[in-house]
Amino acid sequence: MRHPSCLGFFVLLLSSGCERLQDEPVFVYGRLERRDGTPVSGGVVPYARTLHEVPMGEGPYVYEPPDFTPYAESTTEPSGDFFLEMRYGDVESVNTPNPWLQPYRFRASWRDETGAAVSTSFTFHDDVELPTLRIWDSQLAVTTGAEGASVTFASAPAVPVPPLTGEYAMTSDENQTVIPAPPTTPEAMLFMLNGAQPLFRALIPTSPWAASRYVLEDFPQPTVMLRAVSVGEFWFFPLGGKYTELWFRMDWRTEEVPLAPGGLVPASRGATCQPSPSAGCPWTDGRLDPVSLGSKPVESLVVTLPEPRKPRHVVVRGAEGGNFSGFVLEGSEDAEQWTQLAVLHNVPERYIPPPRLSPPWRGFEEMTRWDSPFDGQLSFIKGPHFLDAPVTQDAGPVRHVRLRAVGFNHAGDPMPGATMATLAELSLFE
């Protein structure tokens, strides 16, 4: 474990075997690197703290966005090394050592001159060392051709490894054999933005990725970026100190690269809908603000077009809340007899999630999904979800279109009874 001075190390030795005092300093060590692995010298690493506590027992629990407030700053040495100093009384909740409560959570972050960034949020009890904070070498690029924009990028960041002072947490397999528990494997998620608002999200995209004109719609300032996350736990046994765990979430984001506007206006723009507030339909108005569907989650949203149209493509933006796993799009001439037009899945079909998102790490991942200081929440399962699909069933011109929340059975068939709570926009294209 690196220490800021020999004196600090000597004091730690003298205090071994004793409980920490409230005003005693504790240290978190780290290293900051550019995308090519060179150290960042003189970089300012701000760190913040949230007092938000979440029980980690049986559950289930409803997690809420934390309120991080600035705590201090650290400047990196020529080697890229830095240390964060905290007061021990600021690290531990007054409820700790209750084993069902986490200590307070901290967050350290850095952003380079291109806009790419890396951050980590973490909990700990005593001196620890963070995984290396390295900017993601994404090689993100956009090329425009006759078929539209093509987005290319490199692989996701590597799985964080323990520093020399730490080791992997341990778990057991199905045979009760004790084995290392490495952090979760980072996977790329592609985000389109219009200004600061999310325009679309593609889960586990493959390079090259085609930027559909349907997804771009007629939004005037689209950009593309990538994000990735890893959740893990390291153990530390510092010389002269007491054993401590480090629970951490690593968040990466790339720089944003401009895209050419798609120039398509959906046939549903300005259409009426049900349910709807009195001032028009906020889910067909061409705005990206998420809007609640009512005081309680609903099963469906019905859009009524000014005249019968023949939908060819659908884009759903910012769907969240409720318990849906996807949607069925249906069309009707009279709003009584409905024909299935398309099926949309939150998670790509046949997707196999990376290992180790099991309790208790799954709870920590859900708890920390809002922790990035640069972007909104990032959760593979919770959303918000952005989906698009071609209309696969020719139902002819329809006046009414219904977006119905569904679950899926083991065979992959849509099941009724699901709900949604919030939506940003529903776009139907001829």
# chains A, B, ... in the order shown; residues from 1 in each chain; ligands from 1

$ residues_around --residues "stretch 143-150 of chain A" --least-positions-apart "4" --cutoff "9 Å" --atoms "only C-alpha atoms" --output "MDAnalysis selection string"
chainID A and resid 207:213 259:260 262

$ write_last_selection --atoms "C-alpha atoms" --output "PDB file, in the first residue's frame"
ATOM      1  CA  SER A 207     -18.429  -2.352 -34.934  1.00  0.00           C
ATOM      2  CA  PRO A 208     -19.189  -1.055 -37.518  1.00  0.00           C
ATOM      3  CA  TRP A 209     -22.629   0.088 -36.328  1.00  0.00           C
ATOM      4  CA  ALA A 210     -25.053   1.740 -38.756  1.00  0.00           C
ATOM      5  CA  ALA A 211     -26.696   4.905 -37.485  1.00  0.00           C
ATOM      6  CA  SER A 212     -30.259   4.486 -38.755  1.00  0.00           C
ATOM      7  CA  ARG A 213     -31.997   7.571 -40.161  1.00  0.00           C
ATOM      8  CA  LEU A 259     -23.365  12.725 -36.622  1.00  0.00           C
ATOM      9  CA  ALA A 260     -25.209  14.140 -39.600  1.00  0.00           C
ATOM     10  CA  GLY A 262     -31.262  12.005 -40.325  1.00  0.00           C
TER      11      GLY A 262
END

$ select_by_dssp --residues "stretch 26-172 of chain A" --states "strand (DSSP E)" --output "CSV table (one decimal) with N, CA and C atoms, in the first residue's frame"
chain,number,residue,atom,x,y,z
A,26,VAL,N,-7.5,8.3,6.9
A,26,VAL,CA,-7.4,7.1,6.1
A,26,VAL,C,-7.2,7.5,4.6
A,27,PHE,N,-6.5,6.6,3.9
A,27,PHE,CA,-6.1,7.0,2.5
A,27,PHE,C,-6.6,6.0,1.5
A,28,VAL,N,-6.9,6.5,0.3
A,28,VAL,CA,-7.3,5.7,-0.8
A,28,VAL,C,-6.3,6.1,-1.9
A,29,TYR,N,-5.6,5.1,-2.4
A,29,TYR,CA,-4.5,5.4,-3.4
A,29,TYR,C,-5.0,5.0,-4.8
A,30,GLY,N,-4.4,5.7,-5.8
A,30,GLY,CA,-4.8,5.4,-7.2
A,30,GLY,C,-3.8,5.8,-8.2
A,31,ARG,N,-4.0,5.5,-9.4
A,31,ARG,CA,-3.1,5.9,-10.5
A,31,ARG,C,-4.0,6.3,-11.7
A,32,LEU,N,-3.6,7.4,-12.3
A,32,LEU,CA,-4.4,8.0,-13.5
A,32,LEU,C,-3.6,7.9,-14.7
A,33,GLU,N,-4.2,7.3,-15.8
A,33,GLU,CA,-3.4,7.1,-17.0
A,33,GLU,C,-4.3,7.6,-18.2
A,44,VAL,N,-5.8,17.0,-11.9
A,44,VAL,CA,-6.6,17.2,-10.7
A,44,VAL,C,-7.8,16.2,-10.7
A,45,VAL,N,-7.8,15.4,-9.6
A,45,VAL,CA,-8.8,14.4,-9.4
A,45,VAL,C,-9.7,14.8,-8.3
A,46,PRO,N,-10.9,15.3,-8.6
A,46,PRO,CA,-11.9,15.7,-7.6
A,46,PRO,C,-12.5,14.4,-7.0
A,47,TYR,N,-12.8,14.5,-5.7
A,47,TYR,CA,-13.6,13.3,-5.2
A,47,TYR,C,-14.7,13.9,-4.3
A,48,ALA,N,-15.8,13.1,-4.3
A,48,ALA,CA,-17.0,13.5,-3.6
A,48,ALA,C,-17.5,12.4,-2.7
A,49,ARG,N,-18.5,12.7,-1.9
A,49,ARG,CA,-19.1,11.7,-1.0
A,49,ARG,C,-20.6,11.8,-1.0
A,50,THR,N,-21.2,10.7,-0.8
A,50,THR,CA,-22.7,10.7,-0.6
A,50,THR,C,-23.0,10.1,0.8
A,69,THR,N,-21.7,15.2,-2.8
A,69,THR,CA,-21.2,16.6,-2.6
A,69,THR,C,-19.7,16.6,-2.6
A,70,PRO,N,-19.1,17.7,-3.1
A,70,PRO,CA,-17.6,17.7,-3.1
A,70,PRO,C,-17.0,17.5,-1.8
A,71,TYR,N,-15.9,16.7,-1.8
A,71,TYR,CA,-15.2,16.4,-0.5
A,71,TYR,C,-13.8,17.1,-0.5
A,72,ALA,N,-13.0,16.8,-1.6
A,72,ALA,CA,-11.7,17.4,-1.7
A,72,ALA,C,-11.2,17.2,-3.1
A,73,GLU,N,-9.9,17.5,-3.3
A,73,GLU,CA,-9.2,17.3,-4.6
A,73,GLU,C,-7.8,16.7,-4.4
A,74,SER,N,-7.3,16.0,-5.4
A,74,SER,CA,-6.0,15.4,-5.3
A,74,SER,C,-5.3,15.7,-6.6
A,75,THR,N,-4.0,16.0,-6.6
A,75,THR,CA,-3.2,16.2,-7.8
A,75,THR,C,-2.3,15.1,-8.1
A,81,ASP,N,0.4,8.7,-10.0
A,81,ASP,CA,-0.1,8.3,-8.7
A,81,ASP,C,-0.8,9.5,-8.0
A,82,PHE,N,-1.8,9.2,-7.2
A,82,PHE,CA,-2.4,10.2,-6.4
A,82,PHE,C,-3.0,9.5,-5.1
A,83,PHE,N,-3.3,10.2,-4.1
A,83,PHE,CA,-3.9,9.7,-2.9
A,83,PHE,C,-5.1,10.6,-2.5
A,84,LEU,N,-6.1,10.0,-2.0
A,84,LEU,CA,-7.3,10.7,-1.5
A,84,LEU,C,-7.3,10.5,0.1
A,85,GLU,N,-7.3,11.6,0.8
A,85,GLU,CA,-7.3,11.6,2.2
A,85,GLU,C,-8.6,11.9,2.8
A,86,MET,N,-9.1,11.0,3.7
A,86,MET,CA,-10.4,11.2,4.3
A,86,MET,C,-10.2,11.1,5.9
A,87,ARG,N,-11.1,11.7,6.5
A,87,ARG,CA,-11.2,11.6,8.0
A,87,ARG,C,-12.0,10.3,8.3
A,105,ARG,N,-20.4,6.2,0.6
A,105,ARG,CA,-19.8,6.0,-0.8
A,105,ARG,C,-19.1,7.2,-1.2
A,106,PHE,N,-17.9,7.0,-1.8
A,106,PHE,CA,-17.1,8.1,-2.4
A,106,PHE,C,-17.0,7.9,-3.9
A,107,ARG,N,-16.6,9.0,-4.6
A,107,ARG,CA,-16.4,8.9,-6.0
A,107,ARG,C,-15.3,9.8,-6.5
A,108,ALA,N,-14.4,9.2,-7.3
A,108,ALA,CA,-13.3,10.0,-7.9
A,108,ALA,C,-13.4,9.9,-9.4
A,109,SER,N,-13.0,11.0,-10.0
A,109,SER,CA,-13.2,11.1,-11.5
A,109,SER,C,-12.2,12.0,-12.2
A,110,TRP,N,-12.1,11.8,-13.5
A,110,TRP,CA,-11.2,12.6,-14.3
A,110,TRP,C,-11.7,12.6,-15.7
A,111,ARG,N,-11.5,13.8,-16.4
A,111,ARG,CA,-12.0,14.0,-17.8
A,111,ARG,C,-10.8,14.6,-18.5
A,117,ALA,N,-13.7,10.3,-20.3
A,117,ALA,CA,-13.6,10.4,-18.9
A,117,ALA,C,-13.7,9.0,-18.3
A,118,VAL,N,-13.2,8.9,-17.0
A,118,VAL,CA,-13.3,7.7,-16.2
A,118,VAL,C,-13.6,8.1,-14.8
A,119,SER,N,-14.4,7.3,-14.2
A,119,SER,CA,-14.7,7.6,-12.8
A,119,SER,C,-14.9,6.3,-12.0
A,120,THR,N,-14.8,6.3,-10.7
A,120,THR,CA,-15.1,5.2,-9.9
A,120,THR,C,-15.8,5.6,-8.6
A,121,SER,N,-16.8,4.9,-8.3
A,121,SER,CA,-17.5,5.1,-7.0
A,121,SER,C,-17.2,3.9,-6.1
A,122,PHE,N,-17.0,4.1,-4.8
A,122,PHE,CA,-16.5,3.0,-4.0
A,122,PHE,C,-16.9,3.1,-2.6
A,123,THR,N,-16.9,2.0,-1.9
A,123,THR,CA,-17.0,2.0,-0.4
A,123,THR,C,-15.8,1.2,0.2
A,124,PHE,N,-15.4,1.6,1.4
A,124,PHE,CA,-14.3,0.9,2.0
A,124,PHE,C,-14.3,1.2,3.5
A,128,VAL,N,-7.0,1.6,1.2
A,128,VAL,CA,-7.2,0.7,0.1
A,128,VAL,C,-6.6,1.4,-1.1
A,129,GLU,N,-6.5,0.6,-2.2
A,129,GLU,CA,-6.0,1.1,-3.5
A,129,GLU,C,-7.0,0.8,-4.6
A,133,LEU,N,-7.2,4.1,-13.0
A,133,LEU,CA,-8.2,4.9,-13.8
A,133,LEU,C,-7.5,5.3,-15.1
A,134,ARG,N,-7.9,4.5,-16.1
A,134,ARG,CA,-7.3,4.8,-17.5
A,134,ARG,C,-8.4,5.2,-18.4
A,141,ALA,N,-15.0,6.5,-34.2
A,141,ALA,CA,-15.0,7.3,-35.4
A,141,ALA,C,-16.3,7.2,-36.2
A,142,VAL,N,-16.6,8.2,-37.0
A,142,VAL,CA,-17.8,8.1,-37.8
A,142,VAL,C,-17.5,8.4,-39.2
A,143,THR,N,-18.0,7.6,-40.1
A,143,THR,CA,-17.8,7.8,-41.6
A,143,THR,C,-19.2,7.9,-42.2
A,144,THR,N,-19.4,8.8,-43.2
A,144,THR,CA,-20.7,9.0,-43.8
A,144,THR,C,-20.6,8.6,-45.3
A,145,GLY,N,-21.5,7.7,-45.7
A,145,GLY,CA,-21.5,7.2,-47.0
A,145,GLY,C,-22.9,7.3,-47.6
A,148,GLY,N,-25.6,6.1,-45.3
A,148,GLY,CA,-25.8,6.8,-44.0
A,148,GLY,C,-24.5,6.7,-43.2
A,149,ALA,N,-24.6,7.0,-42.0
A,149,ALA,CA,-23.4,7.1,-41.1
A,149,ALA,C,-23.0,5.7,-40.6
A,150,SER,N,-21.7,5.4,-40.5
A,150,SER,CA,-21.2,4.2,-39.9
A,150,SER,C,-20.3,4.5,-38.8
A,151,VAL,N,-20.6,3.9,-37.6
A,151,VAL,CA,-19.8,4.2,-36.4
A,151,VAL,C,-18.9,3.0,-36.1
A,152,THR,N,-17.6,3.3,-36.0
A,152,THR,CA,-16.6,2.2,-35.7
A,152,THR,C,-15.9,2.5,-34.4
A,166,GLY,N,-3.5,-5.6,-3.3
A,166,GLY,CA,-4.8,-6.2,-3.0
A,166,GLY,C,-5.0,-7.5,-3.7
A,167,GLU,N,-6.1,-8.1,-3.6
A,167,GLU,CA,-6.4,-9.4,-4.3
A,167,GLU,C,-7.9,-9.5,-4.6
A,168,TYR,N,-8.3,-10.4,-5.5
A,168,TYR,CA,-9.7,-10.6,-5.8
A,168,TYR,C,-10.5,-11.0,-4.5
A,169,ALA,N,-11.7,-10.6,-4.5
A,169,ALA,CA,-12.6,-11.2,-3.5
A,169,ALA,C,-12.8,-12.6,-3.9
A,170,MET,N,-13.3,-13.4,-2.9
A,170,MET,CA,-13.4,-14.9,-3.2
A,170,MET,C,-14.9,-15.2,-3.1
A,171,THR,N,-15.3,-16.2,-3.8
A,171,THR,CA,-16.7,-16.7,-3.8
A,171,THR,C,-16.6,-18.2,-3.9
A,172,SER,N,-17.7,-18.9,-4.2
A,172,SER,CA,-17.7,-20.3,-4.3
A,172,SER,C,-18.5,-20.7,-5.5

$ residues_around --residues "A:Asp137" --least-positions-apart "5" --cutoff "9 Å" --atoms "only C-alpha atoms" --output "number ranges by chain"
A: 34-36, 154-157, 254

$ write_last_selection --atoms "C-alpha atoms" --output "short mmCIF file (atom, residue, chain, number, x, y, z; two decimals), in the first residue's frame"
data_model
loop_
_atom_site.label_atom_id
_atom_site.label_comp_id
_atom_site.auth_asym_id
_atom_site.auth_seq_id
_atom_site.Cartn_x
_atom_site.Cartn_y
_atom_site.Cartn_z
CA ARG A 34 -4.19 8.37 -20.51
CA ARG A 35 -5.65 6.07 -23.14
CA ASP A 36 -2.18 4.94 -24.29
CA ALA A 154 -12.46 -0.69 -30.57
CA SER A 155 -13.25 -3.22 -27.85
CA ALA A 156 -14.46 -2.31 -24.37
CA PRO A 157 -11.97 -1.61 -21.54
CA THR A 254 -15.70 8.28 -24.59
#

$ residues_around --residues "A:Ala335" --least-positions-apart "3" --cutoff "9 Å" --atoms "only C-alpha atoms" --output "PDB file with N, CA, C and O atoms, in the first residue's frame"
ATOM      1  N   VAL A 302     -51.871   4.466 -26.625  1.00  0.00           N
ATOM      2  CA  VAL A 302     -52.534   4.407 -27.928  1.00  0.00           C
ATOM      3  C   VAL A 302     -52.392   5.759 -28.615  1.00  0.00           C
ATOM      4  O   VAL A 302     -52.776   6.799 -28.059  1.00  0.00           O
ATOM      5  N   THR A 304     -53.391   8.049 -31.933  1.00  0.00           N
ATOM      6  CA  THR A 304     -54.364   8.169 -33.016  1.00  0.00           C
ATOM      7  C   THR A 304     -53.817   9.132 -34.058  1.00  0.00           C
ATOM      8  O   THR A 304     -53.598  10.319 -33.772  1.00  0.00           O
ATOM      9  N   GLY A 331     -51.620  -2.340 -34.603  1.00  0.00           N
ATOM     10  CA  GLY A 331     -52.367  -1.368 -35.387  1.00  0.00           C
ATOM     11  C   GLY A 331     -53.828  -1.744 -35.506  1.00  0.00           C
ATOM     12  O   GLY A 331     -54.202  -2.921 -35.414  1.00  0.00           O
ATOM     13  N   SER A 332     -54.688  -0.716 -35.703  1.00  0.00           N
ATOM     14  CA  SER A 332     -56.125  -0.952 -35.795  1.00  0.00           C
ATOM     15  C   SER A 332     -56.772   0.164 -36.609  1.00  0.00           C
ATOM     16  O   SER A 332     -56.305   1.310 -36.594  1.00  0.00           O
ATOM     17  N   TRP A 338     -57.192  -5.428 -33.127  1.00  0.00           N
ATOM     18  CA  TRP A 338     -55.786  -5.057 -33.241  1.00  0.00           C
ATOM     19  C   TRP A 338     -54.979  -6.129 -33.959  1.00  0.00           C
ATOM     20  O   TRP A 338     -55.207  -7.325 -33.765  1.00  0.00           O
ATOM     21  N   ARG A 399     -55.303   3.682 -38.451  1.00  0.00           N
ATOM     22  CA  ARG A 399     -55.507   4.995 -37.838  1.00  0.00           C
ATOM     23  C   ARG A 399     -55.004   5.015 -36.399  1.00  0.00           C
ATOM     24  O   ARG A 399     -54.548   6.041 -35.913  1.00  0.00           O
ATOM     25  N   HIS A 400     -55.090   3.877 -35.742  1.00  0.00           N
ATOM     26  CA  HIS A 400     -54.728   3.777 -34.329  1.00  0.00           C
ATOM     27  C   HIS A 400     -53.540   2.824 -34.172  1.00  0.00           C
ATOM     28  O   HIS A 400     -53.522   1.735 -34.758  1.00  0.00           O
ATOM     29  N   VAL A 401     -52.575   3.212 -33.378  1.00  0.00           N
ATOM     30  CA  VAL A 401     -51.398   2.384 -33.107  1.00  0.00           C
ATOM     31  C   VAL A 401     -51.223   2.287 -31.596  1.00  0.00           C
ATOM     32  O   VAL A 401     -51.247   3.298 -30.888  1.00  0.00           O
ATOM     33  N   ARG A 402     -51.044   1.050 -31.117  1.00  0.00           N
ATOM     34  CA  ARG A 402     -50.923   0.812 -29.669  1.00  0.00           C
ATOM     35  C   ARG A 402     -49.538   0.243 -29.345  1.00  0.00           C
ATOM     36  O   ARG A 402     -49.108  -0.744 -29.945  1.00  0.00           O
TER      37      ARG A 402
END

$ atom_distance --atom1 "atom CA of A:Val303" --atom2 "atom CA of A:Leu288"
17.2 Å

$ closest_atom_pairs --of "stretch 264-329 of chain A" --to "stretch 415-428 of chain A" --cutoff "9 Å" --atoms "only C-alpha atoms" --output "JSON lines"
{"residue": "A:Val265", "atom": "CA", "partner": "A:Ser427", "partner_atom": "CA", "distance": 8.8}
{"residue": "A:Pro266", "atom": "CA", "partner": "A:Leu428", "partner_atom": "CA", "distance": 5.4}
{"residue": "A:Ala267", "atom": "CA", "partner": "A:Leu428", "partner_atom": "CA", "distance": 5.7}
{"residue": "A:Ser268", "atom": "CA", "partner": "A:Leu428", "partner_atom": "CA", "distance": 5.3}
{"residue": "A:Arg269", "atom": "CA", "partner": "A:Ser427", "partner_atom": "CA", "distance": 7.2}
{"residue": "A:Pro282", "atom": "CA", "partner": "A:Glu425", "partner_atom": "CA", "distance": 7.5}
{"residue": "A:Trp283", "atom": "CA", "partner": "A:Glu425", "partner_atom": "CA", "distance": 4.3}
{"residue": "A:Thr284", "atom": "CA", "partner": "A:Glu425", "partner_atom": "CA", "distance": 5.8}
{"residue": "A:Asp285", "atom": "CA", "partner": "A:Glu425", "partner_atom": "CA", "distance": 7.6}
{"residue": "A:Gly286", "atom": "CA", "partner": "A:Glu425", "partner_atom": "CA", "distance": 7.0}
{"residue": "A:Arg287", "atom": "CA", "partner": "A:Glu425", "partner_atom": "CA", "distance": 7.0}
{"residue": "A:Leu288", "atom": "CA", "partner": "A:Ala424", "partner_atom": "CA", "distance": 5.3}
{"residue": "A:Asp289", "atom": "CA", "partner": "A:Ala424", "partner_atom": "CA", "distance": 5.4}
{"residue": "A:Pro290", "atom": "CA", "partner": "A:Ala424", "partner_atom": "CA", "distance": 3.9}
{"residue": "A:Val291", "atom": "CA", "partner": "A:Thr422", "partner_atom": "CA", "distance": 5.5}
{"residue": "A:Ser292", "atom": "CA", "partner": "A:Thr422", "partner_atom": "CA", "distance": 4.4}
{"residue": "A:Leu293", "atom": "CA", "partner": "A:Ala421", "partner_atom": "CA", "distance": 5.5}
{"residue": "A:Gly294", "atom": "CA", "partner": "A:Ala421", "partner_atom": "CA", "distance": 7.2}
{"residue": "A:Ser295", "atom": "CA", "partner": "A:Ala421", "partner_atom": "CA", "distance": 8.4}
{"residue": "A:Lys296", "atom": "CA", "partner": "A:Ala421", "partner_atom": "CA", "distance": 6.9}
{"residue": "A:Pro297", "atom": "CA", "partner": "A:Ala421", "partner_atom": "CA", "distance": 4.3}
{"residue": "A:Val298", "atom": "CA", "partner": "A:Thr419", "partner_atom": "CA", "distance": 5.1}
{"residue": "A:Glu299", "atom": "CA", "partner": "A:Thr419", "partner_atom": "CA", "distance": 4.4}
{"residue": "A:Ser300", "atom": "CA", "partner": "A:Thr419", "partner_atom": "CA", "distance": 7.4}
{"residue": "A:Val303", "atom": "CA", "partner": "A:Leu426", "partner_atom": "CA", "distance": 8.9}
{"residue": "A:Pro311", "atom": "CA", "partner": "A:Leu428", "partner_atom": "CA", "distance": 6.2}
{"residue": "A:Arg312", "atom": "CA", "partner": "A:Leu428", "partner_atom": "CA", "distance": 7.6}
{"residue": "A:His313", "atom": "CA", "partner": "A:Leu428", "partner_atom": "CA", "distance": 6.0}
{"residue": "A:Val314", "atom": "CA", "partner": "A:Leu428", "partner_atom": "CA", "distance": 4.8}
{"residue": "A:Val315", "atom": "CA", "partner": "A:Ser427", "partner_atom": "CA", "distance": 5.1}
{"residue": "A:Val316", "atom": "CA", "partner": "A:Leu426", "partner_atom": "CA", "distance": 4.9}
{"residue": "A:Arg317", "atom": "CA", "partner": "A:Glu425", "partner_atom": "CA", "distance": 5.1}
{"residue": "A:Gly318", "atom": "CA", "partner": "A:Ala424", "partner_atom": "CA", "distance": 4.8}
{"residue": "A:Ala319", "atom": "CA", "partner": "A:Leu423", "partner_atom": "CA", "distance": 4.5}
{"residue": "A:Glu320", "atom": "CA", "partner": "A:Thr422", "partner_atom": "CA", "distance": 5.1}
{"residue": "A:Gly321", "atom": "CA", "partner": "A:Ala421", "partner_atom": "CA", "distance": 4.6}
{"residue": "A:Gly322", "atom": "CA", "partner": "A:Met420", "partner_atom": "CA", "distance": 4.2}
{"residue": "A:Asn323", "atom": "CA", "partner": "A:Thr419", "partner_atom": "CA", "distance": 5.5}
{"residue": "A:Phe324", "atom": "CA", "partner": "A:Ala418", "partner_atom": "CA", "distance": 5.0}
{"residue": "A:Ser325", "atom": "CA", "partner": "A:Ala418", "partner_atom": "CA", "distance": 7.9}
{"residue": "A:Gly326", "atom": "CA", "partner": "A:Ala418", "partner_atom": "CA", "distance": 8.9}
